[in-house]
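Chemist: Before I ask anything, let me first share the structure, which is written out below as structure tokens.
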Amino acid sequence: MAVTKAASLADDLVQRFEERIESGDMPPGSRFPTEKAITEDFGVSRTVVREAYSRLAARGLLESRRGSGAYVPDGAQYRAFQVTAEEIGEIDDVLKLLEMRMGFEAEMADLAARRRTGADLAELHRALAAMEESTDVDASVTADAAFHAAIASATGNPYFLRFTQFLGVRLVPSRRLYLQGDDPVRHQRYARTINRDHEAIVAAIEAGDPAAARRAARRHIEKSILRYRTLKEGGHGLLAR
């Protein structure tokens, strides 16, 4: 499975904490380490810690208490539905995930166009700018995930945001299949291609046009599906690590 370095490190953190919670080493009420402590102990960035904590929260294994920190909630040993890296090892798996996202993304864009605020639009434009300026895979994937999270937030429905955070970087199809090496020019060109789709979605949301937002979101996913089907037909059934 081709994943970004940040995604892989977040996977490791999530697995560590899941194992500790399930084994009883971190029972309900236990306090999670601070972001600072995790970055120092594991040598990872705050972005990685936040990604891991977002996924743990989406799985019902972490709850934040304002001004106090993050804790293991009651009933945390319940194993919620999840999609792991190991489960998305073939292009067929990615295509299935994209099919599932089709309706979700379209409805989310529709609601965002109806309910977005000025702050929501500002966040969407920040994500667009970050994507436009990205010159490597990790940066573009982070910006892409932030873009979809901003749409989810603009719906005004916290469940859309929680589900988007649950999917995390799995929401963004692998780019290492298309971008071999570390050429920043190629990375930026590809990111800008994706961003044209994003701009169409934002324009519709900003205009308050739910039907156009729905169409733009659906078209965005359809293009991803087409890219993966083309790769599959070319003999790339497995995702490269």
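Order determines the names: the first chain of the structure tokens is A, the second B, and so forth; residues in each chain are numbered 1 upward, and ligands are numbered 1 upward as they are shown.
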Considering only C-alpha atoms, tabulate each residue of segment 38-108 of chain A that lies at most 10 Å from segment 217-224 of chain A along with its nearest interatomic pair and the corresponding distance in Å to one decimal; arrange the rows by chain and ascending residue number and present them as CSV.
Modeler:
```
residue,atom,partner,partner_atom,distance
A:Val94,CA,A:Ser224,CA,9.8
A:Leu95,CA,A:Ser224,CA,8.7
A:Leu98,CA,A:Ile221,CA,6.7
A:Glu99,CA,A:Ile221,CA,8.1
A:Arg101,CA,A:Ile221,CA,7.7
A:Met102,CA,A:Arg218,CA,6.0
A:Gly103,CA,A:Arg218,CA,7.6
A:Phe104,CA,A:Arg218,CA,9.3
A:Glu105,CA,A:Ala217,CA,6.1
A:Ala106,CA,A:Ala217,CA,5.2
A:Glu107,CA,A:Ala217,CA,8.7
A:Met108,CA,A:Ala217,CA,8.7
```
Chemist: Suppose we keep N, CA and C atoms; can you now write the selection as a PDB file, in the first residue's frame?
Modeler:
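Final output, saved to again19.pdb:
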```
ATOM      1  N   VAL A  94      -9.359   0.360  -3.295  1.00  0.00           N
ATOM      2  CA  VAL A  94      -9.470   1.815  -3.381  1.00  0.00           C
ATOM      3  C   VAL A  94     -10.709   2.198  -4.178  1.00  0.00           C
ATOM      4  N   LEU A  95     -10.975   1.474  -5.248  1.00  0.00           N
ATOM      5  CA  LEU A  95     -12.159   1.755  -6.066  1.00  0.00           C
ATOM      6  C   LEU A  95     -13.439   1.580  -5.245  1.00  0.00           C
ATOM      7  N   LEU A  98     -13.753   4.553  -2.977  1.00  0.00           N
ATOM      8  CA  LEU A  98     -14.168   5.724  -3.747  1.00  0.00           C
ATOM      9  C   LEU A  98     -15.653   5.656  -4.093  1.00  0.00           C
ATOM     10  N   GLU A  99     -16.153   4.469  -4.435  1.00  0.00           N
ATOM     11  CA  GLU A  99     -17.581   4.308  -4.714  1.00  0.00           C
ATOM     12  C   GLU A  99     -18.414   4.684  -3.487  1.00  0.00           C
ATOM     13  N   ARG A 101     -17.552   6.709  -1.165  1.00  0.00           N
ATOM     14  CA  ARG A 101     -17.419   8.145  -0.926  1.00  0.00           C
ATOM     15  C   ARG A 101     -18.262   8.978  -1.883  1.00  0.00           C
ATOM     16  N   MET A 102     -18.634   8.433  -3.030  1.00  0.00           N
ATOM     17  CA  MET A 102     -19.329   9.201  -4.053  1.00  0.00           C
ATOM     18  C   MET A 102     -20.564   9.912  -3.487  1.00  0.00           C
ATOM     19  N   GLY A 103     -21.471   9.148  -2.917  1.00  0.00           N
ATOM     20  CA  GLY A 103     -22.681   9.746  -2.379  1.00  0.00           C
ATOM     21  C   GLY A 103     -22.412  10.631  -1.179  1.00  0.00           C
ATOM     22  N   PHE A 104     -21.476  10.191  -0.332  1.00  0.00           N
ATOM     23  CA  PHE A 104     -21.119  10.947   0.866  1.00  0.00           C
ATOM     24  C   PHE A 104     -20.581  12.330   0.510  1.00  0.00           C
ATOM     25  N   GLU A 105     -19.639  12.385  -0.439  1.00  0.00           N
ATOM     26  CA  GLU A 105     -19.019  13.655  -0.834  1.00  0.00           C
ATOM     27  C   GLU A 105     -20.032  14.577  -1.511  1.00  0.00           C
ATOM     28  N   ALA A 106     -20.897  14.001  -2.351  1.00  0.00           N
ATOM     29  CA  ALA A 106     -21.886  14.812  -3.062  1.00  0.00           C
ATOM     30  C   ALA A 106     -22.867  15.448  -2.074  1.00  0.00           C
ATOM     31  N   GLU A 107     -23.356  14.661  -1.133  1.00  0.00           N
ATOM     32  CA  GLU A 107     -24.303  15.183  -0.145  1.00  0.00           C
ATOM     33  C   GLU A 107     -23.638  16.221   0.751  1.00  0.00           C
ATOM     34  N   MET A 108     -22.385  15.976   1.096  1.00  0.00           N
ATOM     35  CA  MET A 108     -21.658  16.897   1.953  1.00  0.00           C
ATOM     36  C   MET A 108     -21.492  18.259   1.267  1.00  0.00           C
TER      37      MET A 108
END
```
Chemist: Tell me which protein, DNA and RNA residues are within 10 Å of Glu199 of chain A, counting only C-alpha atoms, leaving out same-chain ones fewer than 3 positions away, and put them as number ranges by chain.
Modeler: A: 124-125, 128, 192, 194-196, 202-205, 216
Chemist: How would the residues just picked look written out with C-alpha atoms as an mmCIF file, in the first residue's frame?
Modeler:
```cif
data_model
loop_
_atom_site.group_PDB
_atom_site.id
_atom_site.type_symbol
_atom_site.label_atom_id
_atom_site.label_comp_id
_atom_site.auth_asym_id
_atom_site.auth_seq_id
_atom_site.Cartn_x
_atom_site.Cartn_y
_atom_site.Cartn_z
ATOM 1 C CA LEU A 124 -11.771 26.327 2.182
ATOM 2 C CA HIS A 125 -9.690 28.995 0.472
ATOM 3 C CA LEU A 128 -6.903 25.570 -1.731
ATOM 4 C CA ARG A 192 -2.743 21.781 -9.150
ATOM 5 C CA ILE A 194 -6.480 18.047 -8.371
ATOM 6 C CA ASN A 195 -7.009 21.580 -7.140
ATOM 7 C CA ARG A 196 -8.918 22.558 -10.291
ATOM 8 C CA VAL A 202 -15.623 25.798 -3.696
ATOM 9 C CA ALA A 203 -17.075 28.081 -6.376
ATOM 10 C CA ALA A 204 -20.404 26.244 -6.164
ATOM 11 C CA ILE A 205 -20.384 26.268 -2.361
ATOM 12 C CA ALA A 216 -18.675 19.159 -8.866
#
```
Chemist: As a ChimeraX atom specification, please: the residues near Asp25 of chain A (cut-off 12 Å, only C-alpha atoms, same-chain neighbours under 6 positions excluded).
Modeler: /A:16-19,31-32,72,77
Chemist: Just the residues within 10 Å of Gly208 of chain A, please, counting only C-alpha atoms, with nothing from its chain fewer than 4 positions along; format it as a PyMOL selection string.
Modeler: chain A and resi 110-116+202-204+212-213
Chemist: Go through segment 177-214 of chain A and collect every residue that DSSP, computed from the backbone, puts in alpha helix (DSSP H); the answer should be as number ranges by chain.
Modeler: A: 184-206, 210-214
Chemist: If you count only C-alpha atoms, which residues fall within 7 Å of segment 54-57 of chain A, apart from same-chain ones fewer than 3 positions away, as a ChimeraX atom specification?
Modeler: /A:14,50-51,60-63,165-166,168
Chemist: Which is closest to Arg229 of chain A among A:Ala37, A:Ala58, A:Ala119, A:Ile91, if we use only C-alpha atoms?
Modeler: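 Smallest distance to Arg229 of chain A is found for A:Ile91.
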Chemist: Identify which of the residues A:Ala191, A:Glu35, A:Ile225, A:Ala10 lies closest to Lys96 of chain A, counting only C-alpha atoms when measuring atom-to-atom distances.
Modeler: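 Distance minimum relative to Lys96 of chain A lands on A:Ile225.
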Chemist: From segment 11-110 of chain A, collect each residue whose DSSP state is strand (DSSP E or B) and return the set as a list in words.
Modeler: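 These are the residues in question: Arg31, Glu63, Ser64, Arg65, Gly69, Ala70, Tyr71 and Glu90 of chain A.
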Chemist: In terms of the shortest atom-to-atom distance over only C-alpha atoms, which of A:Leu167, A:Met100, A:Ala76, A:Ala70 is closest to Pro27 of chain A?
Modeler: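 Checking each of A:Leu167, A:Met100, A:Ala76, A:Ala70 against Pro27 of chain A, counting only C-alpha atoms, the winner is A:Ala76.
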